[in-house]
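Structure first, commentary second.
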Amino acid sequence: MKLYITKGSPYARIARIVVLEKGLADRVEIISAKTRQADSPYYSVNPSGRVPHLFRDDGVGLEDSALICAYLDSLDGKPAFGFPEGEQGWETRRLEALARSTLDGLAVLGRETFRPKIEQSPTTLQHEADRARRLMDVWEREIENPLMHGALNLPQITLACALGFTALIAEFEWRSGHPKLGAWFDKISAIPSVAATAPPVRR
């Protein structure tokens, strides 16, 4: 299988963590894609230009980190990153949705800050920074939820990738006033699969 990524993409990082956690490193070739470039060869692989994108062994392509993770998780017949039945399942889904909302907002903030200053929208920057700060306050409370501890799951992975992405956004600082969240992030960042997929430092 071939997994197309960019090393700075938090969405691709989610899939890369699952590859490692499921012991699929020998079955999945990781390929760096050139995105957001005119006439990039990657567009012939995935016309949307988004990452991650997985080509299965049968040549069928899958886009979207959640879909790719679900597929990779199913290959051994022992899914570890799905949603449980009953109330715990709904609670896991709630936390995963909250983590994904956090990630989506930070991704917009990051993309805007990566643009040349003259092209940046101050309104967008302020809106997304304010949204992110509100969500950090929410996570300072939610991080004590038992599902955010113990066996690695999608809410944990998604939030870890969201917080990890902030390392690329020099203008956004979230640790002040969020000691519980910071301690949680430091702990999860030490997990081998999370550490191995950390985004490159942006210079």
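Chain lettering (A, B, ...) mirrors the order of the structure tokens, residue numbering begins at 1 for each chain separately, and ligand numbering begins at 1 in order of display.
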
Report as CSV the residues of range 12-110 of chain A within 12 Å of range 167-172 of chain A, each with its shortest atom pair and distance in Å (one decimal), using only C-alpha atoms, ordered by chain and increasing residue number.
```
residue,atom,partner,partner_atom,distance
A:Leu106,CA,A:Ile169,CA,8.8
A:Ala107,CA,A:Ile169,CA,9.7
A:Val108,CA,A:Ile169,CA,10.9
A:Leu109,CA,A:Ile169,CA,8.0
A:Gly110,CA,A:Ile169,CA,5.8
```

Could you write those residues out with N, CA and C atoms, as an mmCIF file, in the first residue's frame?
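Produced file selection.cif, reproduced below:
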```
data_model
loop_
_atom_site.group_PDB
_atom_site.id
_atom_site.type_symbol
_atom_site.label_atom_id
_atom_site.label_comp_id
_atom_site.auth_asym_id
_atom_site.auth_seq_id
_atom_site.Cartn_x
_atom_site.Cartn_y
_atom_site.Cartn_z
ATOM 1 N N LEU A 106 -7.490 24.841 13.958
ATOM 2 C CA LEU A 106 -6.058 25.113 13.974
ATOM 3 C C LEU A 106 -5.458 24.970 12.578
ATOM 4 N N ALA A 107 -5.994 24.056 11.781
ATOM 5 C CA ALA A 107 -5.502 23.894 10.411
ATOM 6 C C ALA A 107 -5.769 25.156 9.591
ATOM 7 N N VAL A 108 -6.941 25.744 9.775
ATOM 8 C CA VAL A 108 -7.254 26.992 9.070
ATOM 9 C C VAL A 108 -6.327 28.108 9.547
ATOM 10 N N LEU A 109 -6.133 28.180 10.869
ATOM 11 C CA LEU A 109 -5.241 29.192 11.430
ATOM 12 C C LEU A 109 -3.826 29.018 10.883
ATOM 13 N N GLY A 110 -3.363 27.780 10.847
ATOM 14 C CA GLY A 110 -2.028 27.520 10.338
ATOM 15 C C GLY A 110 -1.881 27.907 8.883
#
```

Quiz item: Counting only C-alpha atoms, what is within 12 Å of range 17-27 of chain A, bar same-chain residues fewer than 6 positions away, as number ranges by chain?
Solution: A: 1-3, 10-11, 54-57, 65-82, 151-154, 156-158, 160-161, 188-189, 191-198

Quiz item: So how far away is CA of Arg36 in chain A from CA of Glu119 in chain A, in Å?
Solution: 15.3 Å

Practice problem: Pick out the closest residue to Arg93 in chain A from this set: A:Ala162, A:Ala183, A:Leu147, A:Ala38. Count only C-alpha atoms. | Solution: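 Result for the nearest residue to Arg93 in chain A: A:Leu147.
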
Quiz item: So which one's closest to Ala129 in chain A, A:His149, A:Asp64, A:His178, A:Thr102? Using only C-alpha atoms, please.
Solution: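 Of all the options, A:Thr102 lies closest to Ala129 in chain A.
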
Practice problem: Identify, with DSSP run on backbone atoms, the residues in chain A assigned to strand (DSSP E), and express the list as a VMD selection string. | Solution: chain A and resid 2 to 5 29 to 32 53 to 55 61 to 63

Quiz item: Contacts of Arg94 in chain A at 12 Å or less, counting only C-alpha atoms, minus same-chain residues fewer than 6 places along, as a PyMOL selection string?
Solution: chain A and resi 83+87-88+100-101+142+145+147-148+154-155
